[in-house]
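S.K.: My file is model.cif. It has mmCIF, C-alpha atoms and all ligand atoms:
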data_entry
loop_
_atom_site.label_atom_id
_atom_site.label_comp_id
_atom_site.auth_asym_id
_atom_site.auth_seq_id
_atom_site.Cartn_x
_atom_site.Cartn_y
_atom_site.Cartn_z
CA MET A 250 185.89 6.35 -71.24
CA ILE A 251 184.48 9.33 -73.15
CA SER A 252 181.19 7.53 -73.77
CA ALA A 253 180.95 6.71 -70.04
CA LEU A 254 181.44 10.36 -69.19
CA LEU A 255 178.87 11.47 -71.78
CA ASP A 256 176.47 8.88 -70.42
CA PHE A 257 176.89 10.33 -66.96
CA LEU A 258 176.46 13.92 -68.08
CA PHE A 259 173.68 13.29 -70.58
CA PRO A 260 171.88 10.09 -69.61
CA ARG A 261 170.36 8.39 -72.65
CA THR A 262 166.88 6.98 -72.28
CA CYS A 263 164.83 4.36 -74.12
CA VAL A 264 162.66 5.87 -76.87
CA VAL A 265 159.80 3.56 -75.89
CA CYS A 266 159.75 3.30 -72.06
CA ASP A 267 161.93 6.28 -71.13
CA ARG A 268 164.07 4.21 -68.76
CA ARG A 269 167.78 4.92 -68.67
CA LEU A 270 169.74 2.88 -71.21
CA ALA A 271 172.65 0.64 -70.30
CA ARG A 272 175.90 1.45 -72.11
CA THR A 273 175.42 -1.49 -74.44
CA GLU A 274 171.88 -0.42 -75.37
CA HIS A 275 171.11 2.07 -78.14
CA SER A 276 167.85 4.01 -78.58
CA VAL A 277 165.58 1.13 -77.45
CA CYS A 278 166.27 -0.90 -74.29
CA ALA A 279 166.69 -4.66 -74.45
CA SER A 280 163.39 -5.28 -72.69
CA CYS A 281 161.39 -3.09 -75.13
CA LEU A 282 163.23 -4.60 -78.10
CA THR A 283 162.11 -8.06 -77.00
CA SER A 284 158.48 -7.01 -76.80
CA LEU A 285 158.28 -5.20 -80.17
CA PRO A 286 156.15 -7.12 -82.72
CA ARG A 287 158.74 -8.59 -85.08
CA ILE A 288 158.10 -9.82 -88.58
CA LEU A 289 159.88 -13.10 -89.06
CA TYR A 290 161.72 -13.33 -92.36
CA LYS A 291 160.41 -16.48 -94.06
CA GLY A 292 158.73 -17.36 -90.80
CA GLY A 293 155.22 -16.06 -90.84
CA GLU A 294 152.11 -14.72 -92.42
CA GLU A 295 153.29 -11.08 -92.64
CA HIS A 296 156.44 -11.92 -94.56
CA GLY A 297 154.37 -13.85 -97.09
CA ARG A 298 152.08 -10.85 -97.49
CA ILE A 299 155.02 -8.51 -98.01
CA GLU A 300 156.49 -10.66 -100.78
CA ARG A 301 153.08 -10.98 -102.45
CA LEU A 302 152.79 -7.16 -102.59
CA PHE A 303 155.23 -7.19 -105.51
CA TRP A 304 153.91 -10.21 -107.40
CA GLY A 305 152.91 -9.37 -110.94
CA ARG A 306 154.34 -5.83 -110.62
CA VAL A 307 158.13 -5.77 -110.58
CA PRO A 308 160.37 -8.83 -110.14
CA VAL A 309 161.72 -8.65 -106.59
CA VAL A 310 164.22 -11.21 -105.32
CA ARG A 311 163.57 -10.74 -101.59
CA ALA A 312 161.46 -8.36 -99.51
CA THR A 313 160.93 -8.00 -95.79
CA SER A 314 160.20 -5.60 -92.93
CA ALA A 315 161.47 -5.64 -89.38
CA LEU A 316 158.38 -4.71 -87.37
CA ARG A 317 154.60 -4.56 -87.48
CA TYR A 318 153.30 -1.00 -87.63
CA ASP A 319 150.03 -1.87 -85.89
CA SER A 320 151.75 -1.37 -82.55
CA GLU A 321 151.71 1.89 -80.64
CA GLU A 322 155.38 1.43 -79.70
CA VAL A 323 156.50 0.91 -83.30
CA ARG A 324 154.50 3.91 -84.50
CA HIS A 325 156.09 5.97 -81.73
CA ILE A 326 159.59 4.84 -82.76
CA VAL A 327 158.97 5.68 -86.43
CA HIS A 328 157.50 9.06 -85.51
CA THR A 329 160.56 9.76 -83.36
CA PHE A 330 163.11 9.07 -86.08
CA LYS A 331 161.04 10.70 -88.80
CA TYR A 332 159.68 13.83 -87.23
CA ARG A 333 161.48 14.45 -83.95
CA GLN A 334 165.00 15.07 -85.19
CA GLN A 335 166.33 11.76 -83.84
CA PRO A 336 167.34 9.90 -87.01
CA TYR A 337 169.98 7.85 -85.17
CA VAL A 338 167.07 5.86 -83.70
CA ALA A 339 166.46 4.52 -87.23
CA ARG A 340 170.14 3.59 -87.55
CA ASP A 341 170.23 1.79 -84.19
CA LEU A 342 167.08 -0.19 -84.93
CA ALA A 343 168.31 -1.09 -88.42
CA GLU A 344 171.56 -2.31 -86.88
CA VAL A 345 169.73 -4.68 -84.53
CA THR A 346 167.55 -5.97 -87.36
CA ALA A 347 170.47 -6.41 -89.75
CA ASP A 348 172.29 -8.35 -87.09
CA GLU A 349 169.37 -10.78 -86.86
CA LEU A 350 168.89 -11.00 -90.63
CA SER A 351 172.59 -11.74 -91.08
CA ALA A 352 171.88 -15.22 -89.77
CA THR A 353 169.58 -15.80 -92.79
CA ASP A 354 170.11 -15.57 -96.57
CA PHE A 355 168.50 -12.12 -96.70
CA PHE A 356 171.68 -10.16 -97.53
CA ASP A 357 173.23 -12.90 -99.69
CA GLY A 358 174.55 -11.50 -102.96
CA ILE A 359 173.43 -7.92 -102.29
CA ASP A 360 175.95 -5.44 -103.73
CA ALA A 361 174.51 -2.06 -102.79
CA LEU A 362 172.13 -0.42 -100.31
CA VAL A 363 169.91 2.24 -101.89
CA PRO A 364 167.99 4.48 -99.47
CA MET A 365 164.65 5.76 -100.72
CA PRO A 366 165.33 9.44 -101.53
CA LEU A 367 163.33 12.34 -100.18
CA HIS A 368 162.43 15.28 -102.39
CA TYR A 369 165.12 17.92 -101.80
CA LEU A 370 162.61 20.39 -100.33
CA ARG A 371 161.40 17.88 -97.77
CA ARG A 372 164.94 16.87 -97.00
CA TYR A 373 165.94 20.51 -96.54
CA LYS A 374 163.01 21.08 -94.18
CA ARG A 375 163.71 17.96 -92.11
CA GLY A 376 167.48 18.27 -92.24
CA TYR A 377 168.02 14.57 -92.94
CA ASN A 378 166.64 11.55 -94.75
CA GLN A 379 165.74 8.87 -92.23
CA CYS A 380 166.32 6.19 -94.90
CA ASP A 381 170.01 7.20 -95.06
CA TYR A 382 170.23 6.29 -91.38
CA ILE A 383 168.48 2.94 -91.88
CA ALA A 384 170.96 2.16 -94.66
CA GLU A 385 173.85 3.20 -92.44
CA GLY A 386 172.69 0.78 -89.71
CA ILE A 387 172.64 -2.07 -92.24
CA ARG A 388 176.03 -1.04 -93.66
CA ARG A 389 177.62 -1.16 -90.21
CA VAL A 390 176.61 -4.79 -89.80
CA THR A 391 176.97 -6.13 -93.35
CA GLY A 392 179.67 -3.89 -94.84
CA ILE A 393 177.56 -3.53 -98.00
CA PRO A 394 178.15 -0.03 -99.46
CA VAL A 395 175.41 2.61 -99.60
CA VAL A 396 174.83 4.11 -103.06
CA ASN A 397 173.19 7.52 -103.13
CA GLY A 398 172.55 9.83 -106.07
CA VAL A 399 171.25 7.28 -108.60
CA LEU A 400 167.58 7.21 -107.63
CA LYS A 401 166.19 10.76 -107.46
CA ARG A 402 162.83 11.95 -106.27
CA VAL A 403 161.75 14.57 -108.77
CA ARG A 404 158.28 15.31 -107.44
CA ASN A 405 157.24 15.96 -103.88
CA ASN A 406 154.10 13.90 -103.76
CA PRO A 407 151.42 14.72 -101.20
CA THR A 408 150.84 12.30 -98.35
CA GLN A 409 149.47 8.89 -99.25
CA THR A 410 147.72 8.22 -95.98
CA HIS A 411 144.12 8.85 -96.97
CA LEU A 412 144.22 7.48 -100.50
CA GLN A 413 142.90 4.20 -101.85
CA ILE A 414 145.36 1.81 -103.51
CA ASN A 415 144.62 2.90 -107.12
CA GLU A 416 144.75 6.57 -106.11
CA ARG A 417 148.10 5.90 -104.43
CA GLU A 418 149.54 4.44 -107.62
CA GLN A 419 148.52 7.51 -109.64
CA ASN A 420 149.80 9.76 -106.89
CA VAL A 421 153.31 8.30 -107.12
CA ALA A 422 153.57 7.84 -110.91
CA ASN A 423 156.71 9.52 -112.30
CA ILE A 424 157.95 10.82 -108.97
CA PHE A 425 161.31 9.03 -109.35
CA ARG A 426 164.06 9.30 -111.93
CA VAL A 427 167.28 7.33 -112.35
CA VAL A 428 170.51 9.21 -113.08
CA HIS A 429 173.94 7.57 -113.58
CA PRO A 430 172.37 4.12 -114.08
CA GLU A 431 175.84 2.67 -114.84
CA ARG A 432 176.64 2.87 -111.11
CA LEU A 433 174.07 0.12 -110.45
CA GLU A 434 174.49 -1.92 -113.62
CA ASN A 435 174.59 -5.69 -113.00
CA LYS A 436 174.15 -5.17 -109.27
CA HIS A 437 171.74 -6.72 -106.79
CA ILE A 438 170.45 -3.76 -104.80
CA LEU A 439 168.50 -3.50 -101.55
CA LEU A 440 166.01 -0.63 -101.73
CA ILE A 441 165.43 0.75 -98.22
CA ASP A 442 162.39 2.61 -96.88
CA ASP A 443 160.93 3.35 -93.46
CA VAL A 444 157.32 2.13 -93.69
CA MET A 445 155.70 -0.10 -96.31
CA THR A 446 151.92 0.01 -96.63
CA THR A 447 150.59 -1.02 -100.04
CA GLY A 448 154.07 -0.86 -101.54
CA SER A 449 152.96 1.79 -104.08
CA THR A 450 155.84 4.21 -103.48
CA LEU A 451 158.37 1.37 -103.43
CA HIS A 452 156.80 0.01 -106.59
CA ALA A 453 157.17 3.37 -108.36
CA ALA A 454 160.88 3.46 -107.45
CA LEU A 455 161.42 -0.19 -108.44
CA GLN A 456 159.78 0.48 -111.82
CA GLU A 457 162.40 3.13 -112.58
CA LEU A 458 165.29 1.03 -111.28
CA GLN A 459 164.33 -2.11 -113.20
CA HIS A 460 165.36 -0.48 -116.50
CA ILE A 461 169.01 -0.53 -115.41
CA PRO A 462 170.75 -3.36 -117.32
CA GLY A 463 171.40 -6.47 -115.25
CA ILE A 464 169.90 -5.06 -112.05
CA ARG A 465 168.31 -7.31 -109.39
CA LEU A 466 166.01 -5.81 -106.79
CA SER A 467 165.30 -6.55 -103.13
CA VAL A 468 163.42 -4.48 -100.55
CA PHE A 469 163.75 -3.77 -96.83
CA THR A 470 161.67 -1.52 -94.59
CA ILE A 471 161.69 -0.94 -90.84
CA ALA A 472 157.92 -1.34 -90.52
CA TYR A 473 155.05 -2.93 -92.41
CA ALA A 474 151.59 -1.35 -92.16
CA GLY A 475 149.78 -3.50 -94.70
CA MET A 476 147.86 -5.49 -92.12
CA MET A 477 146.26 -2.26 -90.88
CA GLU A 478 144.88 -1.47 -94.34
CA GLN A 479 143.44 -4.94 -94.64
CA GLU A 480 141.76 -4.67 -91.28
CA LEU A 481 140.23 -1.34 -92.26
CA VAL A 482 138.76 -2.66 -95.52
ZN ZN A 501 162.50 0.48 -73.07
#
As a first step, turn the structure in this file into structure tokens.
Ligand SMILES: [Zn+2]
M.R.:
Amino acid sequence: MISALLDFLFPRTCVVCDRRLARTEHSVCASCLTSLPRILYKGGEEHGRIERLFWGRVPVVRATSALRYDSEEVRHIVHTFKYRQQPYVARDLAEVTADELSATDFFDGIDALVPMPLHYLRRYKRGYNQCDYIAEGIRRVTGIPVVNGVLKRVRNNPTQTHLQINEREQNVANIFRVVHPERLENKHILLIDDVMTTGSTLHAALQELQHIPGIRLSVFTIAYAGMMEQELV
């Protein structure tokens, strides 16, 4: 009743096509959702590439992304939840994705969702961490608890966008620290980020986390941009 009234007073529109959303739709309309370029978990070339990103670096049990970043619509969605003060878009999209992944083994055995932290200055400036919202979307579907405050970002690294892969790795070295490791001891955690490119930032975080006794690591991101890099090379 209240949501119907709010809908009437403040019509919600699709982030992608700007059409009015039905009451059952959230952030992105059903028609746009269908046309977004999905990455099939265990079903395609991109998923294979994502898993290979971590080979020989840190042992990762499972890794996947929801969408391909080489799509104007996906880039627009990410930009909206990251920079336009609409973090709930990240939560809504994560919820849809988690719902689909629930039909697979992706969440099997996962004990905790760990959002990639922002440096506190960046978080203060933005007012939120979009990864908290992605984690919340997954929690709503799976019931897996979110654990914050163990992985800390201690350095505010400059943007990675224009760096080569080896420069990226140096750029992110020592930017994370683990505090209260006992909270994740013997747990299988899902590390959550917004966009994965070369995996360097994720790798830096995983390297810190892997020292926790008995920990197992999996990775989820909303978008995967790796194919863009490869096309540029
Ligand atoms: Zn739409």
S.K.: Return the single residue from A:Leu451, A:Glu431, A:Ser351, A:Cys380 that is closest to Gly392 (chain A), with distances computed using only C-alpha atoms.
M.R.: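 Nearest to Gly392 (chain A): A:Ser351.
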S.K.: Which protein, DNA or RNA residues have an atom within 9 Å of ligand ZN 501 (chain A), counting only C-alpha atoms and all ligand atoms, as a PDB file with C-alpha atoms, keeping the file's coordinate frame?
M.R.:
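Once everything was written out, this is result-v4.pdb:
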ATOM      1  CA  THR A 262     166.880   6.980 -72.280  1.00  0.00           C
ATOM      2  CA  CYS A 263     164.830   4.360 -74.120  1.00  0.00           C
ATOM      3  CA  VAL A 264     162.660   5.870 -76.870  1.00  0.00           C
ATOM      4  CA  VAL A 265     159.800   3.560 -75.890  1.00  0.00           C
ATOM      5  CA  CYS A 266     159.750   3.300 -72.060  1.00  0.00           C
ATOM      6  CA  ASP A 267     161.930   6.280 -71.130  1.00  0.00           C
ATOM      7  CA  ARG A 268     164.070   4.210 -68.760  1.00  0.00           C
ATOM      8  CA  ARG A 269     167.780   4.920 -68.670  1.00  0.00           C
ATOM      9  CA  LEU A 270     169.740   2.880 -71.210  1.00  0.00           C
ATOM     10  CA  SER A 276     167.850   4.010 -78.580  1.00  0.00           C
ATOM     11  CA  VAL A 277     165.580   1.130 -77.450  1.00  0.00           C
ATOM     12  CA  CYS A 278     166.270  -0.900 -74.290  1.00  0.00           C
ATOM     13  CA  ALA A 279     166.690  -4.660 -74.450  1.00  0.00           C
ATOM     14  CA  SER A 280     163.390  -5.280 -72.690  1.00  0.00           C
ATOM     15  CA  CYS A 281     161.390  -3.090 -75.130  1.00  0.00           C
ATOM     16  CA  LEU A 282     163.230  -4.600 -78.100  1.00  0.00           C
TER      17      LEU A 282
END
S.K.: Between CA of Lys291 (chain A) and CA of Gln379 (chain A), what distance in Å does the model show, to one decimal?
M.R.: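 Computing the Euclidean distance for CA of Lys291 (chain A) and CA of Gln379 (chain A) yields 26.0 Å.
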S.K.: What lies within 10 Å of Asp341 (chain A) using only C-alpha atoms, ignoring chain neighbours under 4 positions off, as a list of chain:residue names?
M.R.: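 So the residues in contact are A:Glu274, A:His275, A:Ser276, A:Val277, A:Pro336, A:Tyr337, A:Val345, A:Thr346, A:Ala347, A:Tyr382, A:Ile383, A:Glu385, A:Gly386, A:Ile387, A:Arg389.
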S.K.: Any idea what's packed within 8 Å of Ile299 (chain A), counting all atoms listed in the file, ignoring anything in its chain fewer than 3 positions away? Could you give it as a VMD selection string?
M.R.: chain A and resid 295 to 296 302 to 303 312 to 314 473 475
S.K.: Just checking: using all atoms listed in the file, which residue out of A:Pro286, A:Asn435, A:Val427, A:Arg375 ends up closest to Arg324 (chain A)?
M.R.: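 Under the stated criterion, the closest residue is A:Pro286.
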S.K.: Identify which of the residues A:Glu457, A:Asp360, A:Asp348, A:Asp442 lies closest to Val327 (chain A), counting only C-alpha atoms when measuring atom-to-atom distances.
M.R.: A:Asp442
S.K.: Which is closest to Val399 (chain A) among A:Ala472, A:Leu285, A:Ile438, A:Leu350, if we use all atoms listed in the file?
M.R.: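 Ranked by minimum distance to Val399 (chain A), first place goes to A:Ile438.
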S.K.: If we count all atoms listed in the file, what is near Asp319 (chain A) at a cut-off of 8 Å, once residues fewer than 4 positions away on the same chain are taken out, given as an NGL selection string?
M.R.: :A and (323-324 or 474 or 476-477)
S.K.: Name the residues in contact with Gln459 (chain A) at a cut-off of 12 Å, using all atoms listed in the file, excluding same-chain residues fewer than 4 positions from it; report them as a JSON list (two decimals) with C-alpha atoms, in the coordinates of the input.
M.R.:
[["chain", "number", "residue", "atom", "x", "y", "z"],
["A", 306, "ARG", "CA", 154.34, -5.83, -110.62],
["A", 307, "VAL", "CA", 158.13, -5.77, -110.58],
["A", 308, "PRO", "CA", 160.37, -8.83, -110.14],
["A", 309, "VAL", "CA", 161.72, -8.65, -106.59],
["A", 400, "LEU", "CA", 167.58, 7.21, -107.63],
["A", 426, "ARG", "CA", 164.06, 9.30, -111.93],
["A", 427, "VAL", "CA", 167.28, 7.33, -112.35],
["A", 430, "PRO", "CA", 172.37, 4.12, -114.08],
["A", 433, "LEU", "CA", 174.07, 0.12, -110.45],
["A", 434, "GLU", "CA", 174.49, -1.92, -113.62],
["A", 435, "ASN", "CA", 174.59, -5.69, -113.00],
["A", 436, "LYS", "CA", 174.15, -5.17, -109.27],
["A", 437, "HIS", "CA", 171.74, -6.72, -106.79],
["A", 438, "ILE", "CA", 170.45, -3.76, -104.80],
["A", 440, "LEU", "CA", 166.01, -0.63, -101.73],
["A", 451, "LEU", "CA", 158.37, 1.37, -103.43],
["A", 452, "HIS", "CA", 156.80, 0.01, -106.59],
["A", 453, "ALA", "CA", 157.17, 3.37, -108.36],
["A", 454, "ALA", "CA", 160.88, 3.46, -107.45],
["A", 455, "LEU", "CA", 161.42, -0.19, -108.44],
["A", 463, "GLY", "CA", 171.40, -6.47, -115.25],
["A", 464, "ILE", "CA", 169.90, -5.06, -112.05],
["A", 465, "ARG", "CA", 168.31, -7.31, -109.39],
["A", 466, "LEU", "CA", 166.01, -5.81, -106.79],
["A", 467, "SER", "CA", 165.30, -6.55, -103.13]]
